[in-house]
$ cat target32.tsv   # TSV, C-alpha atoms and all ligand atoms
chain	number	residue	atom	x	y	z
F	1	MET	CA	6.27	23.64	-70.55
F	2	GLU	CA	9.40	25.81	-70.59
F	3	LEU	CA	10.88	26.85	-67.23
F	4	SER	CA	12.45	30.29	-66.87
F	5	VAL	CA	15.89	30.73	-65.26
F	6	ALA	CA	14.27	31.91	-62.05
F	7	GLN	CA	12.02	28.87	-61.95
F	8	TRP	CA	14.99	26.55	-62.55
F	9	LEU	CA	16.85	28.25	-59.70
F	10	LEU	CA	13.85	27.77	-57.43
F	11	VAL	CA	13.64	24.06	-58.32
F	12	VAL	CA	17.38	23.59	-57.68
F	13	CYS	CA	17.09	25.37	-54.30
F	14	LEU	CA	14.05	23.33	-53.29
F	15	VAL	CA	15.94	20.11	-54.06
F	16	ALA	CA	19.32	21.23	-52.72
F	17	PHE	CA	18.06	22.64	-49.42
F	18	PRO	CA	16.61	19.44	-47.91
F	19	LEU	CA	19.57	17.40	-49.23
F	20	LEU	CA	22.09	19.77	-47.70
F	21	TYR	CA	20.04	19.96	-44.51
F	22	GLU	CA	20.16	16.18	-44.09
F	23	TRP	CA	23.75	15.64	-45.25
F	24	SER	CA	25.58	18.49	-43.58
F	25	VAL	CA	25.62	18.71	-39.81
F	26	SER	CA	26.90	22.30	-39.91
F	27	PHE	CA	24.30	23.44	-42.45
F	28	LYS	CA	21.64	22.01	-40.18
F	29	TYR	CA	23.23	23.82	-37.21
F	30	PHE	CA	23.22	27.19	-39.01
F	31	CYS	CA	19.63	26.73	-40.18
F	32	LYS	CA	18.44	25.76	-36.72
F	33	MET	CA	20.22	28.68	-35.02
F	34	ALA	CA	19.04	31.15	-37.66
F	35	PHE	CA	15.47	29.92	-37.27
F	36	TYR	CA	15.78	30.10	-33.46
F	37	ASN	CA	16.79	33.76	-33.53
F	38	GLY	CA	14.48	34.65	-36.39
F	39	TRP	CA	11.51	32.95	-34.77
F	40	ILE	CA	12.12	34.77	-31.47
F	41	LEU	CA	12.34	38.09	-33.31
F	42	THR	CA	9.07	37.25	-35.09
F	43	LEU	CA	7.28	36.17	-31.91
F	44	ALA	CA	8.40	39.42	-30.36
F	45	ILE	CA	6.48	41.30	-33.07
F	46	LEU	CA	3.33	39.60	-31.79
F	47	ALA	CA	4.27	40.08	-28.13
F	48	ILE	CA	5.00	43.81	-28.36
F	49	PRO	CA	1.42	45.10	-28.87
F	50	ILE	CA	0.07	42.71	-26.22
F	51	CYS	CA	2.69	43.87	-23.71
F	52	ALA	CA	2.35	47.51	-24.69
F	53	VAL	CA	-1.24	47.55	-23.40
F	54	ARG	CA	0.13	47.28	-19.84
F	55	GLY	CA	3.22	49.39	-20.51
F	56	ARG	CA	6.56	48.35	-18.97
F	57	ASN	CA	5.45	45.75	-16.44
F	58	VAL	CA	6.94	42.53	-14.98
F	59	GLU	CA	3.59	40.78	-15.56
F	60	ASN	CA	4.43	40.98	-19.28
F	61	MET	CA	7.08	38.34	-18.63
F	62	LYS	CA	4.16	35.85	-18.62
F	63	VAL	CA	3.32	36.87	-22.18
F	64	LEU	CA	6.91	36.20	-23.33
F	65	GLN	CA	6.98	32.93	-21.37
F	66	PHE	CA	3.72	31.74	-22.94
F	67	MET	CA	4.92	32.64	-26.42
F	68	LEU	CA	8.28	30.89	-26.07
F	69	LEU	CA	7.19	27.67	-24.35
F	70	HIS	CA	6.47	25.76	-27.58
F	71	ILE	CA	10.00	26.17	-29.02
F	72	LYS	CA	11.31	23.10	-27.20
F	73	TYR	CA	8.80	21.01	-29.19
F	74	LEU	CA	9.94	22.52	-32.50
F	75	TYR	CA	13.50	21.46	-31.65
F	76	GLY	CA	12.67	18.13	-30.03
F	77	ILE	CA	14.26	19.07	-26.72
F	78	LYS	CA	12.84	17.29	-23.70
F	79	ILE	CA	13.16	19.25	-20.48
F	80	GLU	CA	12.87	17.42	-17.17
F	81	VAL	CA	12.44	19.64	-14.13
F	82	ARG	CA	13.35	18.55	-10.61
F	83	GLY	CA	12.95	20.41	-7.32
F	84	TRP	CA	9.80	22.45	-8.07
F	85	GLU	CA	9.10	22.52	-4.32
F	86	ASN	CA	12.13	24.77	-3.81
F	87	PHE	CA	10.29	27.58	-5.59
F	88	ASN	CA	7.47	27.42	-3.00
F	89	ILE	CA	8.56	30.60	-1.27
F	90	LYS	CA	6.14	33.55	-1.16
F	91	GLU	CA	8.74	36.27	-0.57
F	92	PRO	CA	10.98	37.55	-3.38
F	93	TYR	CA	14.22	35.72	-4.12
F	94	VAL	CA	17.20	35.81	-6.46
F	95	VAL	CA	17.51	32.90	-8.90
F	96	VAL	CA	21.05	32.16	-10.07
F	97	SER	CA	21.65	29.76	-12.94
F	98	ASN	CA	24.41	28.51	-15.22
F	99	HIS	CA	24.61	29.99	-18.71
F	100	GLN	CA	25.66	27.70	-21.57
F	101	SER	CA	24.04	29.27	-24.60
F	102	SER	CA	21.08	31.33	-25.79
F	103	LEU	CA	19.18	28.01	-25.66
F	104	ASP	CA	19.04	28.57	-21.88
F	105	LEU	CA	15.99	30.64	-22.68
F	106	LEU	CA	14.07	27.36	-23.13
F	107	GLY	CA	14.93	26.03	-19.65
F	108	MET	CA	14.33	29.45	-18.17
F	109	MET	CA	10.86	29.78	-19.68
F	110	GLU	CA	10.00	26.23	-18.56
F	111	ILE	CA	10.34	27.16	-14.89
F	112	LEU	CA	10.21	30.96	-14.73
F	113	PRO	CA	8.44	31.87	-11.47
F	114	SER	CA	5.77	34.55	-11.52
F	115	ARG	CA	6.96	38.18	-11.27
F	116	CYS	CA	10.53	37.15	-12.05
F	117	VAL	CA	12.72	39.21	-14.39
F	118	PRO	CA	16.16	38.40	-15.73
F	119	ILE	CA	19.17	40.68	-15.58
F	120	ALA	CA	20.61	41.00	-19.08
F	121	LYS	CA	23.50	42.69	-20.81
F	122	ARG	CA	22.52	46.09	-22.19
F	123	GLU	CA	23.29	44.98	-25.77
F	124	LEU	CA	20.16	42.78	-25.71
F	125	MET	CA	18.03	45.92	-25.47
F	126	TYR	CA	19.15	46.77	-29.02
F	127	ALA	CA	18.31	43.32	-30.44
F	128	GLY	CA	15.43	44.68	-32.50
F	129	THR	CA	11.94	43.47	-31.61
F	130	ALA	CA	13.32	41.06	-28.98
F	131	GLY	CA	14.98	43.98	-27.18
F	132	LEU	CA	11.76	45.97	-27.11
F	133	ALA	CA	9.78	42.96	-25.86
F	134	CYS	CA	12.36	42.45	-23.09
F	135	TRP	CA	12.15	46.10	-22.11
F	136	LEU	CA	8.35	45.95	-21.96
F	137	ALA	CA	8.59	42.86	-19.71
F	138	GLY	CA	10.79	44.72	-17.24
F	139	VAL	CA	14.09	42.94	-18.01
F	140	ILE	CA	16.82	44.74	-16.05
F	141	PHE	CA	19.64	45.84	-18.34
F	142	ILE	CA	23.17	46.37	-17.09
F	143	ASN	CA	26.26	47.79	-18.73
F	144	ARG	CA	28.90	45.17	-18.00
F	145	LYS	CA	31.65	47.53	-19.11
F	146	LYS	CA	30.77	50.08	-16.43
F	147	THR	CA	30.87	48.27	-13.09
F	148	ASP	CA	29.67	51.32	-11.11
F	149	ASP	CA	26.63	51.77	-13.34
F	150	ALA	CA	25.83	48.05	-13.18
F	151	ILE	CA	26.14	48.09	-9.38
F	152	SER	CA	23.80	51.06	-9.04
F	153	VAL	CA	21.21	49.40	-11.30
F	154	MET	CA	21.42	46.27	-9.16
F	155	THR	CA	21.19	48.23	-5.90
F	156	GLU	CA	18.04	49.83	-7.25
F	157	ALA	CA	16.79	46.34	-8.13
F	158	ALA	CA	17.17	45.28	-4.46
F	159	ASP	CA	14.80	48.08	-3.53
F	160	THR	CA	12.33	47.24	-6.30
F	161	MET	CA	12.30	43.56	-5.31
F	162	LEU	CA	11.02	44.41	-1.86
F	163	LYS	CA	8.72	47.31	-2.75
F	164	GLU	CA	7.11	45.67	-5.77
F	165	ASP	CA	7.40	42.00	-4.85
F	166	VAL	CA	9.66	41.11	-7.76
F	167	ARG	CA	12.05	38.17	-8.19
F	168	VAL	CA	15.24	38.48	-10.15
F	169	TRP	CA	17.04	35.89	-12.31
F	170	VAL	CA	20.81	36.33	-12.72
F	171	PHE	CA	23.41	34.39	-14.70
F	172	PRO	CA	26.28	34.89	-12.23
F	173	GLU	CA	28.91	33.63	-14.70
F	174	GLY	CA	28.18	36.93	-16.48
F	175	THR	CA	28.59	35.43	-19.97
F	176	ARG	CA	27.82	32.28	-21.92
F	177	ASN	CA	30.12	29.43	-21.01
F	178	HIS	CA	30.55	26.19	-22.93
F	179	SER	CA	33.47	24.76	-20.99
F	180	GLY	CA	31.71	21.85	-19.33
F	181	SER	CA	31.84	23.46	-15.88
F	182	LEU	CA	30.96	26.82	-14.32
F	183	LEU	CA	33.05	29.99	-14.63
F	184	PRO	CA	34.01	31.92	-11.49
F	185	PHE	CA	30.95	33.85	-10.33
F	186	LYS	CA	30.46	37.61	-10.52
F	187	ARG	CA	29.32	38.90	-7.17
F	188	GLY	CA	26.36	41.10	-8.17
F	189	ALA	CA	23.63	38.49	-7.65
F	190	PHE	CA	24.81	37.78	-4.12
F	191	HIS	CA	25.13	41.46	-3.15
F	192	LEU	CA	21.61	41.85	-4.48
F	193	ALA	CA	20.28	39.00	-2.32
F	194	VAL	CA	22.15	40.24	0.78
F	195	GLN	CA	21.03	43.84	0.29
F	196	ALA	CA	17.40	42.72	-0.04
F	197	GLN	CA	17.91	40.00	2.65
F	198	VAL	CA	16.17	37.46	0.41
F	199	PRO	CA	17.14	33.85	-0.38
F	200	VAL	CA	19.27	32.79	-3.34
F	201	ILE	CA	17.77	29.88	-5.27
F	202	PRO	CA	20.29	28.08	-7.49
F	203	VAL	CA	19.03	26.55	-10.74
F	204	VAL	CA	21.22	24.20	-12.75
F	205	MET	CA	20.69	23.15	-16.36
F	206	SER	CA	22.52	19.97	-17.37
F	207	SER	CA	25.19	20.02	-20.07
F	208	TYR	CA	23.84	20.37	-23.63
F	209	LYS	CA	26.81	18.53	-25.11
F	210	ASP	CA	24.75	15.50	-26.20
F	211	PHE	CA	22.62	17.59	-28.54
F	212	TYR	CA	24.27	20.99	-28.94
F	213	CYS	CA	27.86	22.01	-29.57
F	214	LYS	CA	28.75	25.37	-31.05
F	215	LYS	CA	32.28	24.37	-32.00
F	216	GLU	CA	31.28	21.13	-33.74
F	217	LYS	CA	28.24	22.92	-35.20
F	218	LYS	CA	26.07	20.15	-33.82
F	219	PHE	CA	22.41	20.65	-32.99
F	220	THR	CA	20.22	17.57	-32.74
F	221	THR	CA	17.24	16.64	-30.60
F	222	GLY	CA	17.98	15.81	-26.98
F	223	LYS	CA	17.20	16.02	-23.31
F	224	CYS	CA	18.06	18.54	-20.63
F	225	THR	CA	17.52	18.22	-16.90
F	226	VAL	CA	16.82	21.39	-14.95
F	227	ARG	CA	17.30	21.16	-11.20
F	228	ILE	CA	15.99	23.76	-8.79
F	229	LEU	CA	18.12	23.54	-5.64
F	230	PRO	CA	17.01	24.44	-2.11
F	231	GLY	CA	17.18	28.17	-1.33
F	232	VAL	CA	20.19	29.56	0.51
F	233	HIS	CA	19.15	32.08	3.14
F	234	THR	CA	20.86	35.43	3.52
F	235	LYS	CA	19.10	36.85	6.60
F	236	GLY	CA	21.66	38.53	8.85
F	237	LEU	CA	24.45	38.37	6.22
F	238	SER	CA	26.36	41.52	5.27
F	239	SER	CA	28.45	42.44	2.22
F	240	ASP	CA	31.50	40.91	3.97
F	241	ASP	CA	29.80	37.51	3.68
F	242	VAL	CA	29.24	37.80	-0.08
F	243	PRO	CA	32.45	36.06	-1.28
F	244	GLU	CA	31.79	33.06	0.95
F	245	LEU	CA	28.12	32.95	-0.06
F	246	ALA	CA	29.02	33.09	-3.77
F	247	ASP	CA	31.60	30.31	-3.39
F	248	ARG	CA	29.19	28.12	-1.43
F	249	VAL	CA	26.42	28.49	-4.01
F	250	ARG	CA	28.86	27.87	-6.87
F	251	ASP	CA	30.09	24.65	-5.20
F	252	MET	CA	26.48	23.45	-4.81
F	253	MET	CA	25.81	24.22	-8.46
F	254	ILE	CA	28.95	22.51	-9.76
F	255	GLU	CA	28.07	19.40	-7.79
F	256	ALA	CA	24.53	19.39	-9.18
F	257	PHE	CA	25.76	20.15	-12.72
F	258	THR	CA	28.22	17.24	-12.64
F	259	GLN	CA	25.58	14.92	-11.25
F	260	ILE	CA	22.75	15.70	-13.67
F	261	SER	CA	25.09	15.87	-16.66
F	262	SER	CA	26.53	12.44	-16.00
F	263	GLU	CA	23.46	10.46	-15.11
F	264	ARG	CA	23.45	8.31	-18.23
F	265	PRO	CA	26.38	5.86	-18.35
F	266	GLY	CA	29.40	7.23	-20.18
F	267	LYS	CA	27.96	10.74	-20.42
F	268	GLY	CA	30.05	13.00	-18.19
F	269	PRO	CA	29.83	16.81	-18.39
F	270	GLY	CA	32.82	16.78	-20.77
F	271	VAL	CA	33.87	19.85	-22.69
F	272	MET	CA	31.34	21.69	-24.81
F	273	HIS	CA	32.13	24.48	-27.23
F	301	LIG	C1	8.26	36.46	-27.39
F	301	LIG	C2	9.42	37.40	-27.52
F	301	LIG	C3	10.55	37.08	-26.73
F	301	LIG	C4	11.67	38.03	-26.81
F	301	LIG	C5	12.92	37.56	-26.10
F	301	LIG	C6	12.65	37.26	-24.66
F	301	LIG	C7	13.85	37.00	-23.88
F	301	LIG	C8	13.54	37.15	-22.44
F	301	LIG	C9	14.60	36.66	-21.55
F	301	LIG	C10	15.88	37.36	-21.66
F	301	LIG	C11	16.97	36.59	-20.99
F	301	LIG	C12	18.17	37.34	-21.00
F	301	LIG	C13	19.36	36.62	-20.53
F	301	LIG	C14	20.54	37.46	-20.70
F	301	LIG	C15	21.72	36.88	-20.09
F	301	LIG	C16	22.82	37.86	-20.00
F	301	LIG	O1	22.79	38.92	-20.53
F	301	LIG	S1	24.20	37.41	-19.02
F	301	LIG	C17	25.10	38.89	-18.90
F	301	LIG	C18	24.56	39.85	-17.90
F	301	LIG	N1	24.59	39.33	-16.56
F	301	LIG	C19	25.62	39.51	-15.71
F	301	LIG	O2	26.59	40.14	-16.04
F	301	LIG	C20	25.53	38.92	-14.34
F	301	LIG	C21	25.51	39.95	-13.33
F	301	LIG	N2	26.78	40.66	-13.22
F	301	LIG	C22	27.32	40.96	-12.04
F	301	LIG	O3	26.72	40.58	-11.07
F	301	LIG	C23	28.64	41.69	-11.92
F	301	LIG	O4	29.06	41.53	-10.61
F	301	LIG	C24	28.62	43.21	-12.21
F	301	LIG	C25	27.65	43.94	-11.30
F	301	LIG	C26	28.21	43.44	-13.66
F	301	LIG	C27	30.03	43.77	-12.01
F	301	LIG	O5	30.89	43.05	-12.81
F	301	LIG	P1	32.47	42.95	-12.63
F	301	LIG	O6	33.02	44.29	-12.28
F	301	LIG	O7	33.02	42.35	-13.86
F	301	LIG	O8	32.63	41.83	-11.56
F	301	LIG	P2	32.68	41.58	-9.98
F	301	LIG	O9	34.03	41.08	-9.67
F	301	LIG	O10	31.54	40.71	-9.67
F	301	LIG	O11	32.45	42.97	-9.24
F	301	LIG	C28	33.47	43.92	-9.01
F	301	LIG	C29	33.37	44.39	-7.56
F	301	LIG	O12	32.09	45.00	-7.31
F	301	LIG	C30	31.44	44.34	-6.22
F	301	LIG	N3	30.02	44.34	-6.49
F	301	LIG	C31	29.40	43.69	-7.51
F	301	LIG	N4	28.07	43.91	-7.44
F	301	LIG	C32	27.87	44.69	-6.37
F	301	LIG	C33	26.68	45.23	-5.77
F	301	LIG	N5	25.46	45.01	-6.31
F	301	LIG	N6	26.83	45.96	-4.67
F	301	LIG	C34	28.05	46.19	-4.13
F	301	LIG	N7	29.20	45.70	-4.64
F	301	LIG	C35	29.10	44.97	-5.74
F	301	LIG	C36	32.05	42.96	-6.18
F	301	LIG	O13	31.94	42.36	-4.91
F	301	LIG	C37	33.49	43.24	-6.57
F	301	LIG	O14	34.19	43.76	-5.46
F	301	LIG	P3	35.27	42.85	-4.70
F	301	LIG	O15	34.49	41.71	-4.14
F	301	LIG	O16	36.24	42.39	-5.76
F	301	LIG	O17	35.84	43.79	-3.69
F	302	LIG	C1	17.50	45.14	-35.95
F	302	LIG	C2	18.47	44.48	-35.04
F	302	LIG	C3	18.42	43.00	-35.20
F	302	LIG	C4	19.24	42.36	-34.13
F	302	LIG	C5	19.21	40.89	-34.30
F	302	LIG	C6	19.68	40.25	-33.05
F	302	LIG	C7	19.30	38.82	-33.07
F	302	LIG	C8	18.88	38.39	-31.70
F	302	LIG	C9	17.66	37.60	-31.86
F	302	LIG	C10	16.94	37.12	-30.91
F	302	LIG	C11	17.24	37.35	-29.52
F	302	LIG	C12	17.11	36.10	-28.80
F	302	LIG	C13	17.09	36.41	-27.36
F	302	LIG	C14	17.83	35.37	-26.69
F	302	LIG	C15	18.17	35.79	-25.32
F	302	LIG	C16	19.35	35.05	-24.85
F	302	LIG	C17	20.31	36.00	-24.28
F	302	LIG	C18	21.68	35.53	-24.27
F	302	LIG	O1	22.04	34.39	-24.27
F	302	LIG	O2	22.51	36.57	-24.20
F	302	LIG	C19	23.86	36.32	-24.14
F	302	LIG	C20	24.39	36.92	-22.87
F	302	LIG	O3	23.79	36.32	-21.85
F	302	LIG	C21	25.86	36.78	-22.68
F	302	LIG	O4	26.44	37.24	-23.78
F	302	LIG	P1	27.97	36.92	-24.13
F	302	LIG	O5	28.14	35.43	-24.03
F	302	LIG	O6	28.80	37.66	-23.11
F	302	LIG	O7	28.08	37.46	-25.50
$ encode --input "target32.tsv" --output "structure tokens" --more "lines below"
Ligand SMILES: CCCCCCCCCCCCCCCC(=O)SCCNC(=O)CCNC(=O)[C@H](O)C(C)(C)COP(=O)(O)OP(=O)(O)OC[C@H]1O[C@@H](n2cnc3c(N)ncnc32)[C@H](O)[C@@H]1OP(=O)(O)O
Ligand SMILES: CCCCCCCC/C=C\CCCCCCCC(=O)OC[C@@H](O)COP(=O)(O)O
Amino acid sequence: MELSVAQWLLVVCLVAFPLLYEWSVSFKYFCKMAFYNGWILTLAILAIPICAVRGRNVENMKVLQFMLLHIKYLYGIKIEVRGWENFNIKEPYVVVSNHQSSLDLLGMMEILPSRCVPIAKRELMYAGTAGLACWLAGVIFINRKKTDDAISVMTEAADTMLKEDVRVWVFPEGTRNHSGSLLPFKRGAFHLAVQAQVPVIPVVMSSYKDFYCKKEKKFTTGKCTVRILPGVHTKGLSSDDVPELADRVRDMMIEAFTQISSERPGKGPGVMH
């Protein structure tokens, strides 16, 4: 049987792809990241009609959570959660967590409390199907380049939290950070908690450096510990107390990050890129 050029090309690709995938760490990294983004965009196509039935509604966050929970199995990432009891608060609260990479979505979905929406950069709204799914789930979008606009969106969020019994999840570093520690915190999350007079609950995800490193283009299977810390109360605090509150929470989170990232001998938080 004669093979056409196209068939030969197909055979070469089918042989070359798995070989490259196994031999080249960076090829594997690119494939895994491309699949991660592509799979989320595809899942969003399924999520959109389900969410659209309810319209823009924070309850739709459950749909996204349910659809994303299996991804950790696809990637062989074990997630251990500690401190569940700290989420046992009926009133609304502000969750603040460290932000290493878009993989944080996995840890977030593992523990996302009910009626809890993340604050995200406005650019995510334009990320195709994922952006639309986020909008339908009530994700709060802010324009980081326009501080005044971002502040007014967050002030409105303080009102919504109380009126509609909504929790908010903020990445107070304001951007992804692979440095092996935590960046200085933006103050918005803490103003939000003080304005609404609700607790701040810090969540810390351990360093991914054992299994994921953007600079080295490494992405293997691995384990991540997520720790939910005790809530920090804000009753009676005013905006003058925000800098101290933000510093105190950041110190707690750095301590927890260092501890959970260095639990196995010889595995300190190190520097991740
Ligand atoms: C199945 C399908 C699935 C599909 C797919 C699903 C995915 C479903 C999950 C999505 C998950 C997304 C995850 C995204 C993750 C990110 O997008 S991270 C990026 C966005 N997040 C953030 O930026 C964090 C929040 N940012 C802030 O809080 C910042 O403070 C602000 C509000 C943007 C302002 O930024 P800034 O001007 O750079 O910084 P900052 O120094 O904090 O503030 C300036 C001044 O304003 C004051 N200020 C700040 N906020 C306030 C306030 N609210 N009131 C009064 N004063 C304030 C500050 O105190 C400061 O004044 P001083 O203290 O210096 O006098
Ligand atoms: C037709 C348009 C196609 C657009 C394709 C866009 C591909 C995006 C695909 C899937 C979206 C996955 C959603 C992951 C959510 C994680 C959010 C995230 O990690 O955002 C980064 C942000 O925190 C900080 O950004 P910077 O570090 O400041 O930068």
$ residues_near_ligand --input "target32.tsv" --ligand "ligand LIG 302 (chain F)" --cutoff "10 Å" --atoms "all atoms listed in the file" --output "ChimeraX atom specification"
/F:33-44,99-106,118-131,133-134,144,170-171,173-178
$ atom_distance --input "target32.tsv" --atom1 "atom CA of Ser239 of chain F" --atom2 "atom C11 of ligand LIG 301 (chain F)"
26.5 Å
$ closest_residue --input "target32.tsv" --among "F:Glu91, F:Glu110, F:Glu80, F:Glu85" --to "Val166 of chain F" --atoms "all atoms listed in the file"
F:Glu91
$ residues_around --input "target32.tsv" --residues "segment 188-205 of chain F" --least-positions-apart "2" --cutoff "7 Å" --atoms "all atoms listed in the file" --output "PyMOL selection string"
chain F and resi 92-98+154-155+158-159+162+170+172+186+207+224-235+237-239+242+246+253+256-257
$ residues_around --input "target32.tsv" --residues "Val153 of chain F" --least-positions-apart "6" --cutoff "9 Å" --atoms "only C-alpha atoms" --output "list in words"
Ile140, Phe141 and Ile142 of chain F
$ atom_distance --input "target32.tsv" --atom1 "atom C21 of ligand LIG 301 (chain F)" --atom2 "atom CA of Gly236 of chain F"
22.6 Å
$ closest_residue --input "target32.tsv" --among "F:Ile79, F:Val12, F:Lys28, F:Arg250" --to "Tyr208 of chain F" --atoms "only C-alpha atoms"
F:Ile79
$ atom_distance --input "target32.tsv" --atom1 "atom P3 of ligand LIG 301 (chain F)" --atom2 "atom CA of Thr160 of chain F"
23.4 Å
$ closest_residue --input "target32.tsv" --among "F:Ile45, F:Leu183, F:Ile71, F:Cys31" --to "Pro18 of chain F" --atoms "all atoms listed in the file"
F:Cys31
$ closest_residue --input "target32.tsv" --among "F:Val81, F:Leu3, F:Met67, F:Val249" --to "ligand LIG 301 (chain F)" --atoms "all atoms listed in the file"
F:Met67
$ residues_near_point --input "target32.tsv" --point "(10.2, 32.1, -8.3)" --cutoff "9 Å" --atoms "all atoms listed in the file" --output "PyMOL selection string"
chain F and resi 86-95+111-116+167-169+201
$ closest_residue --input "target32.tsv" --among "F:Asp241, F:Glu255, F:Asp210, F:Asp149" --to "Ser181 of chain F" --atoms "all atoms listed in the file"
F:Glu255
$ axis_aligned_box --input "target32.tsv" --around "segment 140-149 of chain F" --padding-each-side "3 Å" --output "JSON"
{"center_x": 24.2, "center_y": 48.3, "center_z": -15.1, "size_x": 20.8, "size_y": 13.0, "size_z": 14.0}
$ residues_around --input "target32.tsv" --residues "Thr221 of chain F" --least-positions-apart "3" --cutoff "9 Å" --atoms "only C-alpha atoms" --output "list in words"
Tyr75, Gly76, Ile77, Lys78, Asp210, Phe211 and Tyr212 of chain F
$ write_last_selection --input "target32.tsv" --atoms "C-alpha atoms" --output "tab-separated table (two decimals), keeping the file's coordinate frame"
chain	number	residue	atom	x	y	z
F	75	TYR	CA	13.50	21.46	-31.65
F	76	GLY	CA	12.67	18.13	-30.03
F	77	ILE	CA	14.26	19.07	-26.72
F	78	LYS	CA	12.84	17.29	-23.70
F	210	ASP	CA	24.75	15.50	-26.20
F	211	PHE	CA	22.62	17.59	-28.54
F	212	TYR	CA	24.27	20.99	-28.94
$ decode --input "target32.tsv" --residues "segment 210-229 of chain F" --atoms "N, CA and C atoms" --output "PDB file, in the first residue's frame"
ATOM      1  N   ASP F 210       8.567  22.527  43.206  1.00  0.00           N
ATOM      2  CA  ASP F 210       8.923  21.121  42.996  1.00  0.00           C
ATOM      3  C   ASP F 210       8.363  20.557  41.693  1.00  0.00           C
ATOM      4  N   PHE F 211       7.239  21.117  41.236  1.00  0.00           N
ATOM      5  CA  PHE F 211       6.618  20.527  40.043  1.00  0.00           C
ATOM      6  C   PHE F 211       6.378  21.509  38.910  1.00  0.00           C
ATOM      7  N   TYR F 212       6.508  22.826  39.213  1.00  0.00           N
ATOM      8  CA  TYR F 212       6.202  23.807  38.167  1.00  0.00           C
ATOM      9  C   TYR F 212       7.178  24.971  38.235  1.00  0.00           C
ATOM     10  N   CYS F 213       7.798  25.270  37.100  1.00  0.00           N
ATOM     11  CA  CYS F 213       8.698  26.427  37.072  1.00  0.00           C
ATOM     12  C   CYS F 213       8.664  27.002  35.660  1.00  0.00           C
ATOM     13  N   LYS F 214       8.122  28.221  35.566  1.00  0.00           N
ATOM     14  CA  LYS F 214       7.941  28.843  34.255  1.00  0.00           C
ATOM     15  C   LYS F 214       9.279  29.068  33.574  1.00  0.00           C
ATOM     16  N   LYS F 215      10.273  29.517  34.343  1.00  0.00           N
ATOM     17  CA  LYS F 215      11.561  29.851  33.737  1.00  0.00           C
ATOM     18  C   LYS F 215      12.282  28.600  33.214  1.00  0.00           C
ATOM     19  N   GLU F 216      12.242  27.543  34.021  1.00  0.00           N
ATOM     20  CA  GLU F 216      12.912  26.294  33.589  1.00  0.00           C
ATOM     21  C   GLU F 216      12.026  25.473  32.650  1.00  0.00           C
ATOM     22  N   LYS F 217      10.810  25.982  32.415  1.00  0.00           N
ATOM     23  CA  LYS F 217       9.832  25.265  31.582  1.00  0.00           C
ATOM     24  C   LYS F 217       9.623  23.847  32.116  1.00  0.00           C
ATOM     25  N   LYS F 218       9.466  23.798  33.445  1.00  0.00           N
ATOM     26  CA  LYS F 218       9.259  22.487  34.084  1.00  0.00           C
ATOM     27  C   LYS F 218       7.809  22.370  34.526  1.00  0.00           C
ATOM     28  N   PHE F 219       7.206  21.223  34.259  1.00  0.00           N
ATOM     29  CA  PHE F 219       5.836  20.993  34.719  1.00  0.00           C
ATOM     30  C   PHE F 219       5.645  19.489  34.859  1.00  0.00           C
ATOM     31  N   THR F 220       5.809  19.009  36.086  1.00  0.00           N
ATOM     32  CA  THR F 220       5.672  17.571  36.330  1.00  0.00           C
ATOM     33  C   THR F 220       4.459  17.352  37.253  1.00  0.00           C
ATOM     34  N   THR F 221       4.305  16.144  37.742  1.00  0.00           N
ATOM     35  CA  THR F 221       3.268  15.919  38.748  1.00  0.00           C
ATOM     36  C   THR F 221       3.816  16.399  40.098  1.00  0.00           C
ATOM     37  N   GLY F 222       2.952  16.594  41.064  1.00  0.00           N
ATOM     38  CA  GLY F 222       3.467  17.071  42.349  1.00  0.00           C
ATOM     39  C   GLY F 222       2.380  17.283  43.382  1.00  0.00           C
ATOM     40  N   LYS F 223       2.791  17.928  44.465  1.00  0.00           N
ATOM     41  CA  LYS F 223       1.863  18.099  45.583  1.00  0.00           C
ATOM     42  C   LYS F 223       1.845  19.543  46.046  1.00  0.00           C
ATOM     43  N   CYS F 224       0.675  20.027  46.385  1.00  0.00           N
ATOM     44  CA  CYS F 224       0.561  21.393  46.891  1.00  0.00           C
ATOM     45  C   CYS F 224      -0.271  21.362  48.178  1.00  0.00           C
ATOM     46  N   THR F 225       0.199  22.086  49.172  1.00  0.00           N
ATOM     47  CA  THR F 225      -0.575  22.196  50.411  1.00  0.00           C
ATOM     48  C   THR F 225      -1.278  23.547  50.415  1.00  0.00           C
ATOM     49  N   VAL F 226      -2.558  23.523  50.710  1.00  0.00           N
ATOM     50  CA  VAL F 226      -3.314  24.779  50.819  1.00  0.00           C
ATOM     51  C   VAL F 226      -3.720  24.937  52.276  1.00  0.00           C
ATOM     52  N   ARG F 227      -3.331  26.063  52.865  1.00  0.00           N
ATOM     53  CA  ARG F 227      -3.684  26.265  54.284  1.00  0.00           C
ATOM     54  C   ARG F 227      -4.636  27.434  54.427  1.00  0.00           C
ATOM     55  N   ILE F 228      -5.758  27.168  55.069  1.00  0.00           N
ATOM     56  CA  ILE F 228      -6.717  28.243  55.370  1.00  0.00           C
ATOM     57  C   ILE F 228      -6.391  28.699  56.788  1.00  0.00           C
ATOM     58  N   LEU F 229      -6.028  29.971  56.929  1.00  0.00           N
ATOM     59  CA  LEU F 229      -5.614  30.474  58.246  1.00  0.00           C
ATOM     60  C   LEU F 229      -6.832  31.028  58.999  1.00  0.00           C
TER      61      LEU F 229
END
